[in-house]
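Below: start38.csv (CSV, C-alpha atoms and all ligand atoms)
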chain,number,residue,atom,x,y,z
A,833,MET,CA,-88.4,-70.8,47.8
A,834,ARG,CA,-91.5,-70.0,45.9
A,835,VAL,CA,-92.9,-73.4,45.0
A,836,LEU,CA,-95.4,-74.2,42.3
A,837,VAL,CA,-97.6,-77.0,43.6
A,838,SER,CA,-99.5,-78.7,40.7
A,839,GLY,CA,-102.5,-80.6,42.0
A,840,GLY,CA,-102.2,-78.5,45.2
A,841,ALA,CA,-106.0,-78.6,45.8
A,842,GLY,CA,-105.9,-82.4,45.9
A,843,TYR,CA,-105.4,-84.7,48.9
A,844,ILE,CA,-101.6,-84.9,49.2
A,845,GLY,CA,-100.9,-81.6,47.5
A,846,SER,CA,-103.1,-79.6,50.0
A,847,HIS,CA,-101.3,-81.2,52.9
A,848,THR,CA,-97.9,-80.5,51.3
A,849,VAL,CA,-98.9,-76.8,50.9
A,850,VAL,CA,-99.4,-76.6,54.6
A,851,ALA,CA,-96.0,-78.2,55.3
A,852,LEU,CA,-94.2,-76.0,52.8
A,853,ILE,CA,-95.6,-72.8,54.3
A,854,ALA,CA,-94.8,-74.0,57.8
A,855,SER,CA,-91.2,-74.4,56.6
A,856,GLY,CA,-91.1,-70.9,55.4
A,857,HIS,CA,-91.7,-71.4,51.7
A,858,GLU,CA,-94.2,-69.6,49.5
A,859,VAL,CA,-96.7,-71.5,47.5
A,860,VAL,CA,-98.5,-71.1,44.2
A,861,ILE,CA,-101.2,-73.7,43.2
A,862,VAL,CA,-102.3,-74.9,39.8
A,863,ASP,CA,-105.2,-77.3,39.7
A,864,ASN,CA,-108.0,-78.0,37.2
A,865,PHE,CA,-110.4,-79.2,40.0
A,866,SER,CA,-111.0,-82.5,38.1
A,867,ASN,CA,-110.7,-84.2,41.5
A,868,ALA,CA,-110.9,-81.4,44.1
A,869,LYS,CA,-113.2,-78.7,45.3
A,870,PRO,CA,-112.4,-75.0,45.2
A,871,THR,CA,-113.4,-74.7,48.9
A,872,VAL,CA,-110.2,-76.3,49.9
A,873,LEU,CA,-108.5,-73.0,49.2
A,874,ALA,CA,-110.2,-71.1,52.0
A,875,ARG,CA,-109.4,-73.9,54.4
A,876,LEU,CA,-105.7,-73.8,53.4
A,877,GLU,CA,-105.6,-70.0,53.9
A,878,ALA,CA,-107.3,-70.2,57.3
A,879,LEU,CA,-104.8,-73.0,58.4
A,880,THR,CA,-101.7,-71.3,57.1
A,881,GLY,CA,-102.5,-67.6,57.5
A,882,ALA,CA,-101.0,-67.1,54.0
A,883,SER,CA,-102.5,-65.8,50.9
A,884,ILE,CA,-102.1,-68.6,48.2
A,885,PRO,CA,-102.3,-67.7,44.6
A,886,LEU,CA,-104.4,-70.2,42.7
A,887,HIS,CA,-104.4,-70.8,38.9
A,888,ALA,CA,-107.4,-72.9,37.9
A,889,PHE,CA,-106.7,-74.6,34.6
A,890,ASP,CA,-105.6,-77.8,33.0
A,891,LEU,CA,-101.8,-78.1,32.9
A,892,ARG,CA,-102.0,-79.7,29.4
A,893,ASP,CA,-103.0,-76.2,28.2
A,894,ALA,CA,-99.4,-75.3,27.2
A,895,ASP,CA,-100.2,-71.6,26.6
A,896,LYS,CA,-101.7,-71.2,30.1
A,897,THR,CA,-98.9,-73.1,31.7
A,898,GLU,CA,-96.4,-70.9,29.9
A,899,ARG,CA,-98.2,-67.8,31.0
A,900,LEU,CA,-98.2,-69.0,34.6
A,901,PHE,CA,-94.4,-69.3,34.6
A,902,ALA,CA,-94.1,-65.9,33.0
A,903,ASP,CA,-96.4,-64.3,35.6
A,904,GLU,CA,-95.2,-66.0,38.8
A,905,ALA,CA,-91.5,-66.1,40.0
A,906,ILE,CA,-91.3,-69.9,40.4
A,907,ASP,CA,-88.1,-71.4,42.0
A,908,ALA,CA,-89.2,-75.1,42.1
A,909,VAL,CA,-92.1,-77.4,41.3
A,910,ILE,CA,-93.8,-80.2,43.1
A,911,HIS,CA,-95.9,-82.1,40.6
A,912,PHE,CA,-98.9,-83.9,42.1
A,913,ALA,CA,-101.4,-83.3,39.3
A,914,GLY,CA,-102.6,-86.5,37.7
A,915,LEU,CA,-105.3,-89.1,37.6
A,916,LYS,CA,-104.8,-91.9,40.1
A,917,ALA,CA,-107.6,-94.5,40.2
A,918,VAL,CA,-106.0,-97.9,39.2
A,919,GLY,CA,-109.3,-99.6,38.1
A,920,GLU,CA,-110.5,-96.6,36.1
A,921,SER,CA,-107.2,-96.4,34.3
A,922,SER,CA,-107.9,-99.8,32.7
A,923,GLU,CA,-111.3,-98.6,31.5
A,924,ARG,CA,-110.0,-95.2,30.3
A,925,PRO,CA,-106.3,-95.8,29.4
A,926,LEU,CA,-106.2,-93.0,26.9
A,927,ASP,CA,-107.4,-90.4,29.4
A,928,TYR,CA,-104.7,-91.6,31.9
A,929,TYR,CA,-101.9,-91.5,29.4
A,930,ASP,CA,-103.0,-88.2,28.0
A,931,ASN,CA,-103.6,-86.4,31.3
A,932,ASN,CA,-100.6,-87.8,33.3
A,933,LEU,CA,-98.0,-87.6,30.5
A,934,GLY,CA,-99.5,-84.4,28.9
A,935,SER,CA,-99.4,-82.4,32.1
A,936,THR,CA,-95.8,-83.4,32.7
A,937,PHE,CA,-94.8,-82.4,29.2
A,938,ALA,CA,-96.3,-79.0,29.4
A,939,LEU,CA,-94.9,-78.4,32.9
A,940,VAL,CA,-91.3,-79.5,32.0
A,941,ARG,CA,-91.3,-77.4,28.8
A,942,ALA,CA,-92.4,-74.3,30.7
A,943,MET,CA,-89.8,-75.0,33.4
A,944,ALA,CA,-87.0,-75.3,30.8
A,945,ARG,CA,-88.1,-72.0,29.1
A,946,HIS,CA,-88.1,-70.1,32.4
A,947,GLY,CA,-85.0,-71.6,33.9
A,948,VAL,CA,-86.7,-73.5,36.7
A,949,HIS,CA,-84.4,-76.4,37.6
A,950,ARG,CA,-86.0,-78.3,40.5
A,951,LEU,CA,-88.8,-80.8,40.3
A,952,VAL,CA,-90.2,-83.1,42.8
A,953,PHE,CA,-92.4,-85.8,41.2
A,954,SER,CA,-95.2,-87.8,42.8
A,955,SER,CA,-94.4,-91.4,41.9
A,956,SER,CA,-95.8,-94.5,43.5
A,957,ALA,CA,-94.8,-97.9,45.0
A,958,THR,CA,-96.8,-99.3,42.1
A,959,VAL,CA,-93.6,-98.9,39.9
A,960,TYR,CA,-92.2,-102.0,41.6
A,961,GLY,CA,-94.7,-104.1,39.6
A,962,GLU,CA,-95.9,-107.5,40.8
A,963,SER,CA,-92.7,-109.5,40.9
A,964,ALA,CA,-90.8,-107.7,43.7
A,965,THR,CA,-90.9,-109.0,47.3
A,966,ALA,CA,-91.2,-106.6,50.2
A,967,PRO,CA,-89.4,-104.7,51.5
A,968,PHE,CA,-89.0,-102.8,48.2
A,969,THR,CA,-85.7,-101.0,47.6
A,970,GLU,CA,-85.3,-98.2,45.2
A,971,ASP,CA,-82.9,-100.0,42.9
A,972,LEU,CA,-85.4,-102.7,42.0
A,973,PRO,CA,-86.4,-102.8,38.3
A,974,THR,CA,-89.6,-100.9,37.5
A,975,SER,CA,-92.7,-102.2,35.7
A,976,ALA,CA,-96.5,-102.0,36.0
A,977,THR,CA,-99.7,-104.0,35.8
A,978,ASN,CA,-102.1,-101.3,34.8
A,979,PRO,CA,-102.2,-98.1,32.7
A,980,TYR,CA,-102.0,-95.9,35.9
A,981,GLY,CA,-98.9,-97.7,37.0
A,982,TRP,CA,-97.4,-97.4,33.5
A,983,THR,CA,-97.9,-93.6,33.5
A,984,LYS,CA,-95.7,-93.5,36.6
A,985,VAL,CA,-93.1,-95.8,35.2
A,986,MET,CA,-93.1,-93.8,31.9
A,987,GLN,CA,-93.0,-90.4,33.7
A,988,GLU,CA,-90.0,-91.6,35.8
A,989,GLN,CA,-88.2,-92.6,32.6
A,990,ILE,CA,-89.1,-89.4,30.7
A,991,LEU,CA,-87.9,-87.2,33.6
A,992,THR,CA,-84.7,-89.2,33.9
A,993,ASP,CA,-84.0,-88.8,30.2
A,994,ILE,CA,-84.8,-85.1,30.2
A,995,ALA,CA,-82.6,-84.5,33.3
A,996,ALA,CA,-79.7,-86.3,31.6
A,997,ALA,CA,-80.0,-84.0,28.6
A,998,THR,CA,-80.5,-80.8,30.6
A,999,PRO,CA,-77.6,-79.5,32.6
A,1000,GLY,CA,-78.7,-78.2,36.0
A,1001,LEU,CA,-82.1,-79.9,36.0
A,1002,GLN,CA,-82.7,-81.8,39.2
A,1003,VAL,CA,-85.6,-84.3,39.7
A,1004,ALA,CA,-86.7,-86.1,42.9
A,1005,LEU,CA,-88.8,-89.2,42.2
A,1006,LEU,CA,-90.8,-89.8,45.4
A,1007,ARG,CA,-92.4,-93.3,45.5
A,1008,TYR,CA,-95.3,-93.2,48.0
A,1009,PHE,CA,-96.6,-96.2,49.7
A,1010,ASN,CA,-100.1,-95.9,51.1
A,1011,PRO,CA,-100.9,-92.3,52.1
A,1012,VAL,CA,-103.7,-91.9,54.7
A,1013,GLY,CA,-104.7,-89.6,57.5
A,1014,ALA,CA,-105.4,-85.9,57.6
A,1015,HIS,CA,-104.0,-82.7,59.0
A,1016,GLU,CA,-104.4,-82.7,62.8
A,1017,SER,CA,-106.7,-79.7,62.6
A,1018,GLY,CA,-109.4,-81.9,60.9
A,1019,THR,CA,-110.0,-79.0,58.5
A,1020,ILE,CA,-108.4,-80.6,55.4
A,1021,GLY,CA,-108.4,-84.3,54.4
A,1022,GLU,CA,-109.1,-86.8,51.7
A,1023,ASP,CA,-112.4,-86.3,50.0
A,1024,PRO,CA,-112.9,-89.0,47.3
A,1025,GLN,CA,-115.8,-88.5,44.9
A,1026,GLY,CA,-118.2,-91.4,44.7
A,1027,ILE,CA,-117.4,-94.8,46.1
A,1028,PRO,CA,-113.9,-94.7,47.7
A,1029,ASN,CA,-111.4,-97.0,46.0
A,1030,ASN,CA,-109.0,-97.0,48.9
A,1031,LEU,CA,-109.2,-98.6,52.2
A,1032,MET,CA,-108.9,-95.8,54.8
A,1033,PRO,CA,-111.6,-93.4,53.3
A,1034,PHE,CA,-113.9,-96.4,52.9
A,1035,ILE,CA,-113.5,-97.3,56.5
A,1036,ALA,CA,-114.0,-93.7,57.6
A,1037,GLN,CA,-117.3,-93.5,55.6
A,1038,VAL,CA,-118.5,-96.7,57.2
A,1039,ALA,CA,-117.7,-95.4,60.7
A,1040,VAL,CA,-119.5,-92.1,60.0
A,1041,GLY,CA,-122.6,-93.9,58.7
A,1042,ARG,CA,-122.3,-93.1,55.0
A,1043,ARG,CA,-121.8,-96.8,54.1
A,1044,GLU,CA,-123.1,-99.9,55.7
A,1045,ARG,CA,-120.0,-102.2,55.8
A,1046,LEU,CA,-116.5,-102.6,54.5
A,1047,SER,CA,-115.8,-105.4,52.0
A,1048,VAL,CA,-112.4,-106.8,52.9
A,1049,PHE,CA,-110.9,-108.0,49.6
A,1050,GLY,CA,-109.4,-111.4,50.4
A,1051,GLY,CA,-109.0,-113.3,53.7
A,1052,ASP,CA,-106.8,-116.1,52.4
A,1053,TYR,CA,-103.5,-114.3,51.7
A,1054,PRO,CA,-100.3,-115.8,53.2
A,1055,THR,CA,-100.2,-113.2,56.0
A,1056,PRO,CA,-100.8,-113.7,59.8
A,1057,ASP,CA,-104.5,-112.9,59.6
A,1058,GLY,CA,-105.1,-113.7,56.0
A,1059,THR,CA,-105.7,-110.1,54.9
A,1060,ALA,CA,-103.3,-108.1,52.7
A,1061,VAL,CA,-100.5,-106.0,54.2
A,1062,ARG,CA,-99.6,-102.4,53.2
A,1063,ASP,CA,-97.3,-99.7,54.4
A,1064,TYR,CA,-99.6,-96.9,55.5
A,1065,ILE,CA,-98.0,-93.5,55.9
A,1066,HIS,CA,-99.5,-90.4,57.5
A,1067,VAL,CA,-100.0,-87.7,54.9
A,1068,MET,CA,-98.3,-85.1,57.0
A,1069,ASP,CA,-95.2,-87.3,57.3
A,1070,LEU,CA,-95.4,-87.7,53.5
A,1071,ALA,CA,-95.8,-83.9,53.1
A,1072,ASP,CA,-92.7,-83.3,55.2
A,1073,GLY,CA,-90.8,-85.8,53.0
A,1074,HIS,CA,-91.5,-83.5,50.0
A,1075,VAL,CA,-90.2,-80.5,51.8
A,1076,ARG,CA,-87.0,-82.4,52.7
A,1077,ALA,CA,-86.5,-83.7,49.1
A,1078,LEU,CA,-86.9,-80.2,47.8
A,1079,GLU,CA,-84.3,-78.8,50.2
A,1080,TYR,CA,-82.0,-81.8,49.6
A,1081,LEU,CA,-81.9,-80.9,45.9
A,1082,GLY,CA,-80.8,-77.4,46.8
A,1083,GLU,CA,-78.1,-78.7,49.0
A,1084,HIS,CA,-76.9,-81.3,46.4
A,1085,PRO,CA,-76.5,-79.6,43.1
A,1086,GLU,CA,-74.6,-82.6,41.8
A,1087,VAL,CA,-77.7,-84.8,42.0
A,1088,ALA,CA,-79.6,-84.9,38.7
A,1089,VAL,CA,-82.2,-87.6,39.4
A,1090,ARG,CA,-82.8,-89.7,42.5
A,1091,ALA,CA,-85.7,-91.9,43.7
A,1092,TRP,CA,-86.7,-92.2,47.3
A,1093,ASN,CA,-89.3,-94.5,48.9
A,1094,LEU,CA,-91.6,-92.6,51.2
A,1095,GLY,CA,-93.1,-95.2,53.6
A,1096,THR,CA,-92.7,-96.2,57.2
A,1097,GLY,CA,-91.0,-99.6,56.4
A,1098,GLU,CA,-93.7,-101.4,58.4
A,1099,GLY,CA,-96.7,-103.4,57.2
A,1100,THR,CA,-100.2,-103.4,58.6
A,1101,SER,CA,-103.0,-105.8,57.6
A,1102,VAL,CA,-106.5,-104.7,56.5
A,1103,LEU,CA,-108.0,-106.1,59.7
A,1104,GLN,CA,-105.4,-104.3,61.8
A,1105,VAL,CA,-106.5,-101.1,60.2
A,1106,VAL,CA,-110.1,-101.9,60.8
A,1107,GLU,CA,-109.4,-102.5,64.5
A,1108,ALA,CA,-107.2,-99.4,64.9
A,1109,PHE,CA,-110.0,-97.3,63.3
A,1110,ALA,CA,-112.7,-98.7,65.5
A,1111,ASP,CA,-110.6,-97.9,68.5
A,1112,ALA,CA,-109.7,-94.4,67.4
A,1113,SER,CA,-113.3,-93.5,66.5
A,1114,GLY,CA,-115.2,-95.4,69.1
A,1115,ARG,CA,-117.5,-96.5,66.3
A,1116,PRO,CA,-118.0,-100.1,65.1
A,1117,VAL,CA,-116.6,-100.8,61.6
A,1118,PRO,CA,-118.7,-103.7,60.3
A,1119,TYR,CA,-117.0,-105.7,57.6
A,1120,GLU,CA,-117.3,-108.9,55.5
A,1121,ILE,CA,-114.6,-110.8,53.8
A,1122,VAL,CA,-115.1,-111.2,50.1
A,1123,ALA,CA,-113.1,-112.3,47.1
A,1124,ARG,CA,-109.6,-110.8,46.4
A,1125,ARG,CA,-109.4,-107.7,44.3
A,1126,PRO,CA,-107.8,-108.5,41.0
A,1127,GLU,CA,-104.1,-107.5,40.8
A,1128,ASP,CA,-103.7,-106.9,44.5
A,1129,LEU,CA,-100.4,-107.9,46.0
A,1130,ALA,CA,-100.4,-109.8,49.3
A,1131,VAL,CA,-97.7,-107.8,51.0
A,1132,THR,CA,-96.1,-104.4,50.1
A,1133,TYR,CA,-94.0,-102.2,52.3
A,1134,ALA,CA,-91.0,-100.0,51.8
A,1135,ASP,CA,-87.4,-100.3,52.7
A,1136,ALA,CA,-87.3,-96.7,53.9
A,1137,THR,CA,-83.5,-96.6,54.6
A,1138,ARG,CA,-82.5,-94.4,51.7
A,1139,ALA,CA,-84.8,-91.5,52.6
A,1140,GLU,CA,-83.6,-91.7,56.2
A,1141,THR,CA,-79.9,-91.9,55.3
A,1142,GLU,CA,-79.9,-89.3,52.6
A,1143,LEU,CA,-82.8,-86.9,53.4
A,1144,GLY,CA,-82.6,-87.3,57.1
A,1145,TRP,CA,-86.4,-88.0,56.9
A,1146,ARG,CA,-88.4,-90.7,58.7
A,1147,ALA,CA,-92.1,-91.2,59.1
A,1148,GLU,CA,-93.0,-90.6,62.7
A,1149,ARG,CA,-96.7,-91.0,63.1
A,1150,THR,CA,-98.3,-94.3,64.1
A,1151,ILE,CA,-101.3,-96.1,62.6
A,1152,GLU,CA,-103.3,-94.9,65.7
A,1153,GLN,CA,-102.6,-91.3,64.8
A,1154,MET,CA,-103.4,-92.0,61.1
A,1155,CYS,CA,-106.8,-93.3,62.2
A,1156,ALA,CA,-107.4,-90.6,64.8
A,1157,ASP,CA,-106.6,-87.8,62.3
A,1158,THR,CA,-108.7,-89.4,59.6
A,1159,TRP,CA,-111.6,-89.7,62.0
A,1160,ARG,CA,-111.3,-86.0,63.2
A,1161,TRP,CA,-111.5,-84.9,59.5
A,1162,GLN,CA,-114.3,-87.3,58.6
A,1163,SER,CA,-116.5,-86.7,61.7
A,1164,ALA,CA,-116.2,-82.9,61.3
A,1165,ASN,CA,-116.8,-83.1,57.5
A,1166,PRO,CA,-119.1,-86.2,57.0
A,1167,GLN,CA,-119.8,-85.2,53.4
A,1168,GLY,CA,-116.3,-83.9,52.7
A,1169,TYR,CA,-115.7,-80.4,51.5
A,1170,PRO,CA,-118.7,-78.2,50.8
A,1171,GLY,CA,-119.4,-77.1,47.3
B,1,LIG,P1,-105.8,-86.1,44.1
B,1,LIG,O1,-106.7,-86.5,43.0
B,1,LIG,O2,-106.5,-85.7,45.4
B,1,LIG,O3,-104.9,-84.8,43.6
B,1,LIG,C1,-104.5,-84.6,42.3
B,1,LIG,C2,-105.0,-83.2,41.9
B,1,LIG,O4,-104.5,-82.9,40.6
B,1,LIG,C3,-106.5,-83.0,42.0
B,1,LIG,O5,-106.8,-81.9,42.7
B,1,LIG,C4,-106.9,-82.8,40.5
B,1,LIG,O6,-107.9,-81.9,40.4
B,1,LIG,C5,-105.5,-82.2,39.9
B,1,LIG,N1,-105.3,-82.5,38.5
B,1,LIG,C6,-105.4,-83.7,37.8
B,1,LIG,N2,-105.1,-83.6,36.5
B,1,LIG,C7,-104.8,-82.3,36.3
B,1,LIG,C8,-104.4,-81.5,35.2
B,1,LIG,N3,-104.2,-82.0,34.0
B,1,LIG,N4,-104.1,-80.2,35.4
B,1,LIG,C9,-104.3,-79.6,36.6
B,1,LIG,N5,-104.7,-80.3,37.7
B,1,LIG,C10,-104.9,-81.6,37.6
B,1,LIG,O7,-104.7,-87.2,44.3
B,1,LIG,P2,-103.6,-87.4,45.5
B,1,LIG,O8,-104.0,-88.6,46.3
B,1,LIG,O9,-103.4,-86.1,46.2
B,1,LIG,O10,-102.4,-87.8,44.6
B,1,LIG,C11,-101.4,-86.8,44.2
B,1,LIG,C12,-100.4,-87.5,43.3
B,1,LIG,O11,-99.8,-88.6,44.1
B,1,LIG,C13,-100.9,-88.2,42.1
B,1,LIG,O12,-100.0,-88.0,41.0
B,1,LIG,C14,-101.0,-89.6,42.4
B,1,LIG,O13,-100.9,-90.5,41.3
B,1,LIG,C15,-99.8,-89.8,43.4
B,1,LIG,N6,-99.9,-90.9,44.3
B,1,LIG,C16,-101.0,-91.0,45.1
B,1,LIG,C17,-101.2,-92.1,46.0
B,1,LIG,C18,-102.4,-92.2,46.9
B,1,LIG,O14,-102.7,-93.3,47.4
B,1,LIG,N7,-103.2,-91.1,47.1
B,1,LIG,C19,-100.2,-93.1,46.0
B,1,LIG,C20,-99.1,-93.0,45.2
B,1,LIG,C21,-99.0,-91.9,44.3
B,2,LIG,N1,-109.1,-102.9,50.5
B,2,LIG,C1,-110.2,-103.6,51.0
B,2,LIG,N2,-111.5,-103.0,50.8
B,2,LIG,C2,-111.7,-101.8,50.2
B,2,LIG,C3,-110.5,-101.1,49.8
B,2,LIG,C4,-109.3,-101.7,49.9
B,2,LIG,O1,-110.1,-104.7,51.5
B,2,LIG,O2,-112.8,-101.4,50.1
B,2,LIG,C5,-107.8,-103.5,50.7
B,2,LIG,C6,-107.1,-103.8,49.4
B,2,LIG,O3,-107.5,-105.0,48.8
B,2,LIG,C7,-105.6,-103.7,49.8
B,2,LIG,C8,-105.7,-102.7,51.0
B,2,LIG,O4,-107.0,-102.6,51.4
B,2,LIG,O5,-105.3,-104.9,50.3
B,2,LIG,C9,-105.2,-101.3,50.6
B,2,LIG,O6,-105.9,-100.9,49.4
B,2,LIG,P1,-105.9,-99.5,48.8
B,2,LIG,O7,-106.8,-99.4,47.6
B,2,LIG,O8,-106.1,-98.5,49.9
B,2,LIG,O9,-104.4,-99.3,48.4
B,2,LIG,P2,-103.5,-100.1,47.4
B,2,LIG,O10,-102.3,-100.6,48.1
B,2,LIG,O11,-104.3,-101.1,46.6
B,2,LIG,O12,-103.1,-99.0,46.3
B,2,LIG,C10,-102.2,-98.0,46.7
B,2,LIG,C11,-102.5,-96.7,45.9
B,2,LIG,C12,-102.3,-96.9,44.4
B,2,LIG,C13,-101.0,-97.5,44.1
B,2,LIG,C14,-100.8,-98.8,44.9
B,2,LIG,C15,-99.5,-99.4,44.7
B,2,LIG,O13,-103.8,-96.3,46.1
B,2,LIG,O14,-102.3,-95.6,43.8
B,2,LIG,O15,-101.0,-98.5,46.3
B,2,LIG,O16,-98.5,-98.7,45.2
B,2,LIG,F1,-100.9,-97.8,42.8
Serialized structure, structure tokens:
Amino acid sequence: MRVLVSGGAGYIGSHTVVALIASGHEVVIVDNFSNAKPTVLARLEALTGASIPLHAFDLRDADKTERLFADEAIDAVIHFAGLKAVGESSERPLDYYDNNLGSTFALVRAMARHGVHRLVFSSSATVYGESATAPFTEDLPTSATNPYGWTKVMQEQILTDIAAATPGLQVALLRYFNPVGAHESGTIGEDPQGIPNNLMPFIAQVAVGRRERLSVFGGDYPTPDGTAVRDYIHVMDLADGHVRALEYLGEHPEVAVRAWNLGTGEGTSVLQVVEAFADASGRPVPYEIVARRPEDLAVTYADATRAETELGWRAERTIEQMCADTWRWQSANPQGYPG
């Protein structure tokens, strides 16, 4: 298949590009570089040996999106493009609704016009809201606690409604838990701009000496060591999950919309991640326990049964590999991508 990867220069998108090409698919990327650097492209081409067409524009530009579909023979779309910082979404809600919903509208309109019937959408475990108890199953009701989360809930609903009204359209809603790690080559990885919001890149920057110490948000959760528990999933396992979901839609034309959790099904605490990272890197990771971060849940992890049963996919890589691969990327690229 020739797959359009929106947001393909970003963290998860770039790793999925590698997995798609390794599985024999062709890739076309569209990205506006609002949260990525153009230098990722040369790394991807070196890693895959493929030449990857890149369209650098904002998907909300309906004319450009339309032209892209007219110029490239696209068979399917994986839609990663979006803004993703939870805290920022409460400060700039309009930007989040506009970017995340607007890019999906333009994409789906162009898909319909050009007869492209397969879409894999980046959703999030955040759609389970705050009332669910782990492990989360896909049939739980969805809700959100911040504008970012609402954009995911809304996009899931919008895509479900459009699929119901469009014979032949197929949509996979992939709900990611906590993606971490990097490609084992260490040449591509997560490169957050400014202060990292997420745990793993923050720890990596402490270990490499860019930051003094980690603030652990909350040491009084009802968990074995008092720190919050998450389901960390290696980004290459996640990438493989996308390839499987895409292929599953092809094998199951009767499926219009289906949600799958992509997680390991296992929880790891903040302090367990700190320890695993110190072991993997051989560097100390100084930390201090501070107040809880508002809106954080104590424990989230997936029930990953549906993806295993239906897609035949299971996350294989351990927390040790996630830390080792993050460290390989971070130590080889202490300041992230050049440029
Ligand atoms: P990322 O920011 O690294 O990648 C997103 C890419 O989309 C960036 O390269 C950005 O430049 C591009 N982009 C944003 N808006 C665009 C637009 N309007 N037009 C064209 N390009 C645009 O983020 P990521 O971590 O790779 O996440 C990818 C997707 O997965 C996002 O939709 C995110 O919400 C979702 N997700 C991420 C996580 C996570 O923890 N990383 C968890 C759950 C879900
Ligand atoms: N944490 C710290 N210190 C830090 C950063 C994080 O202690 O500097 C803790 C958090 O409090 C949390 C855990 O590490 O307990 C993981 O935090 P992340 O920010 O890495 O991940 P979250 O689980 O909070 O958020 C992730 C995604 C969101 C998504 C959410 C819910 O990043 O996009 O899961 O699915 F909305």
Go through region 1110-1142 of chain A and flag each residue having an atom no more than 12 Å from region 1010-1024 of chain A; for those, report the closest pair of atoms plus their distance in Å to one decimal, using all atoms listed in the file, ordered by chain and rising number, as a Markdown table.
| residue | atom | partner | partner_atom | distance |
| --- | --- | --- | --- | --- |
| A:Thr1132 | CA | A:Asn1010 | CA | 9.4 |
| A:Tyr1133 | CA | A:Asn1010 | CA | 8.9 |
| A:Ala1134 | CA | A:Asn1010 | CA | 10.0 |
Output C-alpha atoms for every residue in that selection, as an mmCIF file, in the coordinates of the input.
data_model
loop_
_atom_site.group_PDB
_atom_site.id
_atom_site.type_symbol
_atom_site.label_atom_id
_atom_site.label_comp_id
_atom_site.auth_asym_id
_atom_site.auth_seq_id
_atom_site.Cartn_x
_atom_site.Cartn_y
_atom_site.Cartn_z
ATOM 1 C CA THR A 1132 -96.100 -104.400 50.100
ATOM 2 C CA TYR A 1133 -94.000 -102.200 52.300
ATOM 3 C CA ALA A 1134 -91.000 -100.000 51.800
#
Can you pull out the residues contacting region 837-841 of chain A? Cut-off 8 Å, using only C-alpha atoms, and skip same-chain residues under 6 positions away; I want them as a compact mmCIF listing (two decimals) with C-alpha atoms, keeping the file's coordinate frame.
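Output saved as part_38.txt:
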# COMPACT_ATOMS: atom_id res chain seq x y z
CA THR A 848 -97.90 -80.50 51.30
CA VAL A 849 -98.90 -76.80 50.90
CA VAL A 859 -96.70 -71.50 47.50
CA VAL A 860 -98.50 -71.10 44.20
CA ILE A 861 -101.20 -73.70 43.20
CA VAL A 862 -102.30 -74.90 39.80
CA ASP A 863 -105.20 -77.30 39.70
CA ASN A 864 -108.00 -78.00 37.20
CA PHE A 865 -110.40 -79.20 40.00
CA ALA A 868 -110.90 -81.40 44.10
CA LYS A 869 -113.20 -78.70 45.30
CA PRO A 870 -112.40 -75.00 45.20
CA VAL A 872 -110.20 -76.30 49.90
CA LEU A 873 -108.50 -73.00 49.20
CA VAL A 909 -92.10 -77.40 41.30
CA ILE A 910 -93.80 -80.20 43.10
CA HIS A 911 -95.90 -82.10 40.60
CA PHE A 912 -98.90 -83.90 42.10
CA ALA A 913 -101.40 -83.30 39.30
CA GLY A 914 -102.60 -86.50 37.70
Hey, which residues come within 8 Å of ligand LIG 2 (chain B) if we count only C-alpha atoms and all ligand atoms? Could you give them as an mmCIF file with C-alpha atoms, in the coordinates of the input?
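Contents of part-v7.cif, freshly written:
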data_model
loop_
_atom_site.group_PDB
_atom_site.id
_atom_site.type_symbol
_atom_site.label_atom_id
_atom_site.label_comp_id
_atom_site.auth_asym_id
_atom_site.auth_seq_id
_atom_site.Cartn_x
_atom_site.Cartn_y
_atom_site.Cartn_z
ATOM 1 C CA LYS A 916 -104.800 -91.900 40.100
ATOM 2 C CA ALA A 917 -107.600 -94.500 40.200
ATOM 3 C CA VAL A 918 -106.000 -97.900 39.200
ATOM 4 C CA SER A 956 -95.800 -94.500 43.500
ATOM 5 C CA ALA A 957 -94.800 -97.900 45.000
ATOM 6 C CA THR A 958 -96.800 -99.300 42.100
ATOM 7 C CA VAL A 959 -93.600 -98.900 39.900
ATOM 8 C CA TYR A 960 -92.200 -102.000 41.600
ATOM 9 C CA TYR A 980 -102.000 -95.900 35.900
ATOM 10 C CA GLY A 981 -98.900 -97.700 37.000
ATOM 11 C CA TYR A 1008 -95.300 -93.200 48.000
ATOM 12 C CA PHE A 1009 -96.600 -96.200 49.700
ATOM 13 C CA ASN A 1010 -100.100 -95.900 51.100
ATOM 14 C CA PRO A 1011 -100.900 -92.300 52.100
ATOM 15 C CA PRO A 1028 -113.900 -94.700 47.700
ATOM 16 C CA ASN A 1029 -111.400 -97.000 46.000
ATOM 17 C CA ASN A 1030 -109.000 -97.000 48.900
ATOM 18 C CA LEU A 1031 -109.200 -98.600 52.200
ATOM 19 C CA MET A 1032 -108.900 -95.800 54.800
ATOM 20 C CA PHE A 1034 -113.900 -96.400 52.900
ATOM 21 C CA ILE A 1035 -113.500 -97.300 56.500
ATOM 22 C CA LEU A 1046 -116.500 -102.600 54.500
ATOM 23 C CA SER A 1047 -115.800 -105.400 52.000
ATOM 24 C CA VAL A 1048 -112.400 -106.800 52.900
ATOM 25 C CA PHE A 1049 -110.900 -108.000 49.600
ATOM 26 C CA GLY A 1050 -109.400 -111.400 50.400
ATOM 27 C CA THR A 1059 -105.700 -110.100 54.900
ATOM 28 C CA ALA A 1060 -103.300 -108.100 52.700
ATOM 29 C CA VAL A 1061 -100.500 -106.000 54.200
ATOM 30 C CA ARG A 1062 -99.600 -102.400 53.200
ATOM 31 C CA SER A 1101 -103.000 -105.800 57.600
ATOM 32 C CA VAL A 1102 -106.500 -104.700 56.500
ATOM 33 C CA ILE A 1121 -114.600 -110.800 53.800
ATOM 34 C CA ARG A 1124 -109.600 -110.800 46.400
ATOM 35 C CA ARG A 1125 -109.400 -107.700 44.300
ATOM 36 C CA ASP A 1128 -103.700 -106.900 44.500
ATOM 37 C CA LEU A 1129 -100.400 -107.900 46.000
ATOM 38 C CA ALA A 1130 -100.400 -109.800 49.300
ATOM 39 C CA THR A 1132 -96.100 -104.400 50.100
#
